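Take a look at the structure below.
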Amino acid sequence: MAIPVGTTGQDGSGQPSIARMRDCWMGGTHHSDADREFADQIAVCAPHLPYLVRAQRAWLDRLVRYLAEHGIRQFLDLGSGVPVEGHVHEVAQEVAPDNRVVYVDIDPEIVAEGRGILDGNPHAGFVQADIRRPREVLEALEVKQLLDLGEPVAVLLIDTLVHIPDSADPAALVSGYLDAMCSGSYLAISHFSASEQLNLGLGMFGEMFGTPPTVTLREPREVERFFADLDMVEPGVVPVTLWRPMSEYDMGRNPELAQVHAGVARKP
């Protein structure tokens, strides 16, 4: 099954959603039977993926806390999926209740569900838009109401660019947002990279269940290019398990082998 470019969820077609499959693997409840069936099929072929998704969520928690503790009070989460328990607004507002968060997704069902989750939270909003159109996103009412682009903003692309092929110029997409941000803003990216284990899993899926999801895997050095002209936060682009782990649990076993890399950088 090919997932539409630029989305982490459904496009209203009723097809299984990558965003909701992640919810399955994290033990959530915001998914359908079709999502769970597809998630189970992927896990049969690539049993390490659910662990990597959970490790990425643990990194997101550490990332948001780091940014909030360093004075960031505004977050723009692009291609967010459903903001389930432990997502950006909960972590950020635990550090500072007035932290403001805007989620963006193209899927109308995810947006509707997300707005329901955020109901009653005056400092969080959800935009339905195609993240490949930065100007449209930044002109959205929720963004204008909640975010002051004259103050630093953290732009989050959490496992999002994997859905943007090189032909769609992901570097220009990133620049489209960063150019609108002031000095002191941050860019955070996590991205799956290629591995023999993952390639074997995708091949097995094709043999057993049909066409696997369409993704663009990138090596760490390719992810580093998205941070050009920014000041990298230590330790740079590394496996998510090695980005400022707080405990041995964060690192897990063989942390250097995690096929999801992440990095954070500050706009000078």
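Each chain in the structure tokens gets a letter, A, B, ..., in the order shown, and its residues are numbered from 1; ligands are numbered from 1 in order too.
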* Enumerate as a PyMOL selection string all residues of segment 23-247 of chain A assigned to strand (DSSP E or B) by DSSP on the backbone, naming them with the chain letters and numbers the document uses. => chain A and resi 74-78+100-105+124-128+154-158+186-192+231-232+238-239
* Would you please extract all helix (DSSP H, G or I) residues from segment 44-211 of chain A, as assigned by DSSP on the backbone, and give them as JSON, numbers by chain? => {"A": [44, 45, 49, 50, 51, 52, 53, 54, 55, 56, 57, 58, 59, 60, 61, 62, 63, 64, 65, 66, 67, 68, 69, 88, 89, 90, 91, 92, 93, 94, 95, 108, 109, 110, 111, 112, 113, 114, 115, 116, 117, 118, 134, 135, 136, 137, 138, 141, 142, 143, 144, 145, 146, 161, 162, 163, 166, 167, 168, 170, 171, 172, 173, 174, 175, 176, 177, 178, 196, 197, 198, 199, 200, 201, 202, 203, 204, 205, 206, 207, 208]}
* All residues 9 Å or closer to Val174 of chain A, only C-alpha atoms, same chain fewer than 2 positions away omitted, as JSON, numbers by chain -> {"A": [134, 157, 170, 171, 172, 176, 177, 178, 179, 187, 226]}
* Show which residues sit within 12 Å of Ala112 of chain A, as JSON, numbers by chain. Count only C-alpha atoms, and ignore same-chain residues fewer than 4 positions away. => {"A": [12, 81, 82, 83, 103, 104, 105, 106, 107, 108, 116, 117, 118, 119, 125, 126, 127, 128]}
* To do: Pick out the closest residue to Val64 of chain A from this set: A:Leu156, A:Ala262, A:Leu49, A:Ile131. Count only C-alpha atoms.
  => A:Leu156
* **Residue contacts of Ala92 of chain A (12 Å, only C-alpha atoms) excluding same-chain residues fewer than 4 positions away, as a PyMOL selection string** => chain A and resi 60-76+86-88+96-102+123-124+154
How about saving the chosen residues, N, CA, C and O atoms kept, as a tab-separated table (two decimals), in the first residue's frame?
```
chain	number	residue	atom	x	y	z
A	60	LEU	N	11.20	11.88	21.83
A	60	LEU	CA	10.38	13.08	21.71
A	60	LEU	C	10.12	13.70	23.08
A	60	LEU	O	10.17	14.93	23.23
A	61	ASP	N	9.87	12.88	24.06
A	61	ASP	CA	9.67	13.37	25.43
A	61	ASP	C	10.92	14.12	25.90
A	61	ASP	O	10.85	15.25	26.41
A	62	ARG	N	12.10	13.50	25.72
A	62	ARG	CA	13.34	14.15	26.15
A	62	ARG	C	13.59	15.43	25.36
A	62	ARG	O	14.04	16.44	25.92
A	63	LEU	N	13.30	15.39	24.07
A	63	LEU	CA	13.49	16.56	23.21
A	63	LEU	C	12.65	17.75	23.67
A	63	LEU	O	13.17	18.86	23.85
A	64	VAL	N	11.36	17.52	23.85
A	64	VAL	CA	10.46	18.61	24.22
A	64	VAL	C	10.84	19.17	25.59
A	64	VAL	O	10.82	20.40	25.80
A	65	ARG	N	11.19	18.30	26.52
A	65	ARG	CA	11.63	18.78	27.84
A	65	ARG	C	12.90	19.63	27.71
A	65	ARG	O	13.03	20.68	28.36
A	66	TYR	N	13.82	19.17	26.89
A	66	TYR	CA	15.06	19.93	26.69
A	66	TYR	C	14.75	21.32	26.15
A	66	TYR	O	15.26	22.34	26.66
A	67	LEU	N	13.92	21.39	25.13
A	67	LEU	CA	13.60	22.68	24.52
A	67	LEU	C	12.85	23.59	25.49
A	67	LEU	O	13.15	24.77	25.60
A	68	ALA	N	11.86	23.03	26.18
A	68	ALA	CA	11.09	23.83	27.13
A	68	ALA	C	11.97	24.33	28.27
A	68	ALA	O	11.83	25.48	28.72
A	69	GLU	N	12.87	23.48	28.73
A	69	GLU	CA	13.77	23.89	29.81
A	69	GLU	C	14.81	24.90	29.35
A	69	GLU	O	15.42	25.58	30.17
A	70	HIS	N	14.98	25.02	28.02
A	70	HIS	CA	15.88	26.03	27.47
A	70	HIS	C	15.11	27.25	26.94
A	70	HIS	O	15.62	28.00	26.11
A	71	GLY	N	13.91	27.42	27.44
A	71	GLY	CA	13.17	28.65	27.20
A	71	GLY	C	12.23	28.67	26.02
A	71	GLY	O	11.57	29.69	25.78
A	72	ILE	N	12.12	27.57	25.27
A	72	ILE	CA	11.19	27.55	24.14
A	72	ILE	C	9.77	27.44	24.68
A	72	ILE	O	9.46	26.58	25.50
A	73	ARG	N	8.89	28.30	24.19
A	73	ARG	CA	7.50	28.33	24.64
A	73	ARG	C	6.52	28.12	23.50
A	73	ARG	O	5.30	28.21	23.69
A	74	GLN	N	7.04	27.83	22.28
A	74	GLN	CA	6.17	27.64	21.12
A	74	GLN	C	6.68	26.44	20.30
A	74	GLN	O	7.88	26.33	20.03
A	75	PHE	N	5.74	25.58	19.90
A	75	PHE	CA	6.08	24.36	19.17
A	75	PHE	C	5.16	24.21	17.97
A	75	PHE	O	3.94	24.36	18.10
A	76	LEU	N	5.75	23.89	16.82
A	76	LEU	CA	5.00	23.62	15.59
A	76	LEU	C	5.35	22.21	15.16
A	76	LEU	O	6.47	21.94	14.72
A	86	GLY	N	1.05	11.70	26.17
A	86	GLY	CA	2.48	11.91	26.17
A	86	GLY	C	3.00	12.64	24.95
A	86	GLY	O	4.21	12.67	24.71
A	87	HIS	N	2.09	13.27	24.18
A	87	HIS	CA	2.53	14.00	22.99
A	87	HIS	C	3.04	15.38	23.39
A	87	HIS	O	3.13	15.73	24.56
A	88	VAL	N	3.38	16.19	22.37
A	88	VAL	CA	4.14	17.43	22.59
A	88	VAL	C	3.46	18.36	23.59
A	88	VAL	O	4.11	18.90	24.50
A	96	ALA	N	5.96	24.04	31.44
A	96	ALA	CA	5.44	25.42	31.57
A	96	ALA	C	4.01	25.42	31.04
A	96	ALA	O	3.81	25.23	29.83
A	97	PRO	N	3.01	25.62	31.89
A	97	PRO	CA	1.61	25.52	31.47
A	97	PRO	C	1.21	26.44	30.33
A	97	PRO	O	0.24	26.16	29.62
A	98	ASP	N	1.95	27.54	30.12
A	98	ASP	CA	1.58	28.47	29.05
A	98	ASP	C	2.28	28.15	27.74
A	98	ASP	O	2.17	28.91	26.76
A	99	ASN	N	3.00	27.02	27.67
A	99	ASN	CA	3.60	26.63	26.40
A	99	ASN	C	2.51	26.43	25.35
A	99	ASN	O	1.47	25.84	25.62
A	100	ARG	N	2.78	26.91	24.14
A	100	ARG	CA	1.79	26.86	23.06
A	100	ARG	C	2.24	25.87	21.98
A	100	ARG	O	3.42	25.87	21.59
A	101	VAL	N	1.31	25.07	21.51
A	101	VAL	CA	1.62	23.99	20.56
A	101	VAL	C	0.59	24.00	19.44
A	101	VAL	O	-0.62	24.06	19.70
A	102	VAL	N	1.07	23.91	18.21
A	102	VAL	CA	0.19	23.75	17.05
A	102	VAL	C	0.61	22.49	16.31
A	102	VAL	O	1.78	22.32	15.94
A	123	HIS	N	-4.09	26.64	24.85
A	123	HIS	CA	-2.73	26.86	24.35
A	123	HIS	C	-2.31	25.82	23.32
A	123	HIS	O	-1.12	25.70	23.01
A	124	ALA	N	-3.27	25.05	22.78
A	124	ALA	CA	-2.95	24.05	21.77
A	124	ALA	C	-4.00	24.06	20.67
A	124	ALA	O	-5.19	24.25	20.94
A	154	ALA	N	9.97	26.11	18.10
A	154	ALA	CA	10.57	24.82	17.80
A	154	ALA	C	9.76	24.17	16.68
A	154	ALA	O	8.56	23.90	16.85
```
* To do: Could you tell me which of A:Asp148, A:His191, A:Met232, A:Thr211 comes closest to Gln41 of chain A if we count only C-alpha atoms?
  => A:Thr211
What's the 12 Å shell around Arg225 of chain A, counting only C-alpha atoms, without same-chain residues fewer than 4 positions away, as a PDB file with N, CA, C and O atoms, in the first residue's frame?
```pdb
ATOM      1  N   PRO A 170      12.695  17.949  -0.154  1.00  0.00           N
ATOM      2  CA  PRO A 170      12.453  18.128   1.271  1.00  0.00           C
ATOM      3  C   PRO A 170      13.282  19.250   1.894  1.00  0.00           C
ATOM      4  O   PRO A 170      12.858  19.873   2.869  1.00  0.00           O
ATOM      5  N   ALA A 171      14.472  19.528   1.336  1.00  0.00           N
ATOM      6  CA  ALA A 171      15.293  20.613   1.874  1.00  0.00           C
ATOM      7  C   ALA A 171      14.581  21.953   1.717  1.00  0.00           C
ATOM      8  O   ALA A 171      14.632  22.810   2.614  1.00  0.00           O
ATOM      9  N   ALA A 172      13.899  22.144   0.585  1.00  0.00           N
ATOM     10  CA  ALA A 172      13.153  23.388   0.377  1.00  0.00           C
ATOM     11  C   ALA A 172      11.978  23.474   1.337  1.00  0.00           C
ATOM     12  O   ALA A 172      11.630  24.564   1.823  1.00  0.00           O
ATOM     13  N   VAL A 174      11.900  22.231   4.404  1.00  0.00           N
ATOM     14  CA  VAL A 174      12.462  22.618   5.698  1.00  0.00           C
ATOM     15  C   VAL A 174      12.795  24.105   5.711  1.00  0.00           C
ATOM     16  O   VAL A 174      12.466  24.836   6.658  1.00  0.00           O
ATOM     17  N   SER A 175      13.431  24.577   4.649  1.00  0.00           N
ATOM     18  CA  SER A 175      13.793  25.994   4.562  1.00  0.00           C
ATOM     19  C   SER A 175      12.570  26.898   4.565  1.00  0.00           C
ATOM     20  O   SER A 175      12.599  28.006   5.108  1.00  0.00           O
ATOM     21  N   ILE A 189      14.498  16.935  14.010  1.00  0.00           N
ATOM     22  CA  ILE A 189      14.136  15.937  12.997  1.00  0.00           C
ATOM     23  C   ILE A 189      14.470  14.555  13.520  1.00  0.00           C
ATOM     24  O   ILE A 189      15.541  14.335  14.101  1.00  0.00           O
ATOM     25  N   ARG A 218      16.747   7.586   4.690  1.00  0.00           N
ATOM     26  CA  ARG A 218      17.934   8.425   4.476  1.00  0.00           C
ATOM     27  C   ARG A 218      19.003   8.112   5.516  1.00  0.00           C
ATOM     28  O   ARG A 218      18.694   7.877   6.678  1.00  0.00           O
ATOM     29  N   GLU A 219      20.233   8.133   5.070  1.00  0.00           N
ATOM     30  CA  GLU A 219      21.369   7.908   5.954  1.00  0.00           C
ATOM     31  C   GLU A 219      21.578   9.128   6.853  1.00  0.00           C
ATOM     32  O   GLU A 219      21.150  10.237   6.513  1.00  0.00           O
ATOM     33  N   PRO A 220      22.254   8.933   8.004  1.00  0.00           N
ATOM     34  CA  PRO A 220      22.477  10.068   8.916  1.00  0.00           C
ATOM     35  C   PRO A 220      23.102  11.285   8.247  1.00  0.00           C
ATOM     36  O   PRO A 220      22.716  12.429   8.535  1.00  0.00           O
ATOM     37  N   ARG A 221      24.056  11.069   7.342  1.00  0.00           N
ATOM     38  CA  ARG A 221      24.703  12.217   6.685  1.00  0.00           C
ATOM     39  C   ARG A 221      23.708  12.998   5.829  1.00  0.00           C
ATOM     40  O   ARG A 221      23.856  14.217   5.651  1.00  0.00           O
ATOM     41  N   ASP A 229      23.720  25.381   8.119  1.00  0.00           N
ATOM     42  CA  ASP A 229      23.720  26.779   8.592  1.00  0.00           C
ATOM     43  C   ASP A 229      23.070  26.954   9.961  1.00  0.00           C
ATOM     44  O   ASP A 229      22.837  28.086  10.395  1.00  0.00           O
ATOM     45  N   LEU A 230      22.763  25.855  10.637  1.00  0.00           N
ATOM     46  CA  LEU A 230      22.223  25.927  11.991  1.00  0.00           C
ATOM     47  C   LEU A 230      23.293  25.472  12.982  1.00  0.00           C
ATOM     48  O   LEU A 230      24.258  24.803  12.614  1.00  0.00           O
ATOM     49  N   MET A 232      24.214  22.998  15.644  1.00  0.00           N
ATOM     50  CA  MET A 232      23.762  21.705  16.143  1.00  0.00           C
ATOM     51  C   MET A 232      23.867  21.632  17.667  1.00  0.00           C
ATOM     52  O   MET A 232      24.800  22.139  18.265  1.00  0.00           O
ATOM     53  N   GLY A 236      24.634  15.929  18.234  1.00  0.00           N
ATOM     54  CA  GLY A 236      24.493  15.906  16.788  1.00  0.00           C
ATOM     55  C   GLY A 236      23.428  14.931  16.331  1.00  0.00           C
ATOM     56  O   GLY A 236      22.481  14.625  17.064  1.00  0.00           O
ATOM     57  N   VAL A 237      23.549  14.442  15.100  1.00  0.00           N
ATOM     58  CA  VAL A 237      22.601  13.472  14.549  1.00  0.00           C
ATOM     59  C   VAL A 237      23.062  12.076  14.952  1.00  0.00           C
ATOM     60  O   VAL A 237      24.112  11.601  14.496  1.00  0.00           O
ATOM     61  N   GLY A 263      18.210  14.596  15.354  1.00  0.00           N
ATOM     62  CA  GLY A 263      19.085  15.731  15.604  1.00  0.00           C
ATOM     63  C   GLY A 263      18.274  16.972  15.911  1.00  0.00           C
ATOM     64  O   GLY A 263      17.090  17.072  15.544  1.00  0.00           O
ATOM     65  N   ALA A 265      18.826  21.407  16.209  1.00  0.00           N
ATOM     66  CA  ALA A 265      19.731  22.519  15.963  1.00  0.00           C
ATOM     67  C   ALA A 265      19.019  23.851  16.188  1.00  0.00           C
ATOM     68  O   ALA A 265      17.792  23.940  16.068  1.00  0.00           O
TER      69      ALA A 265
END
```
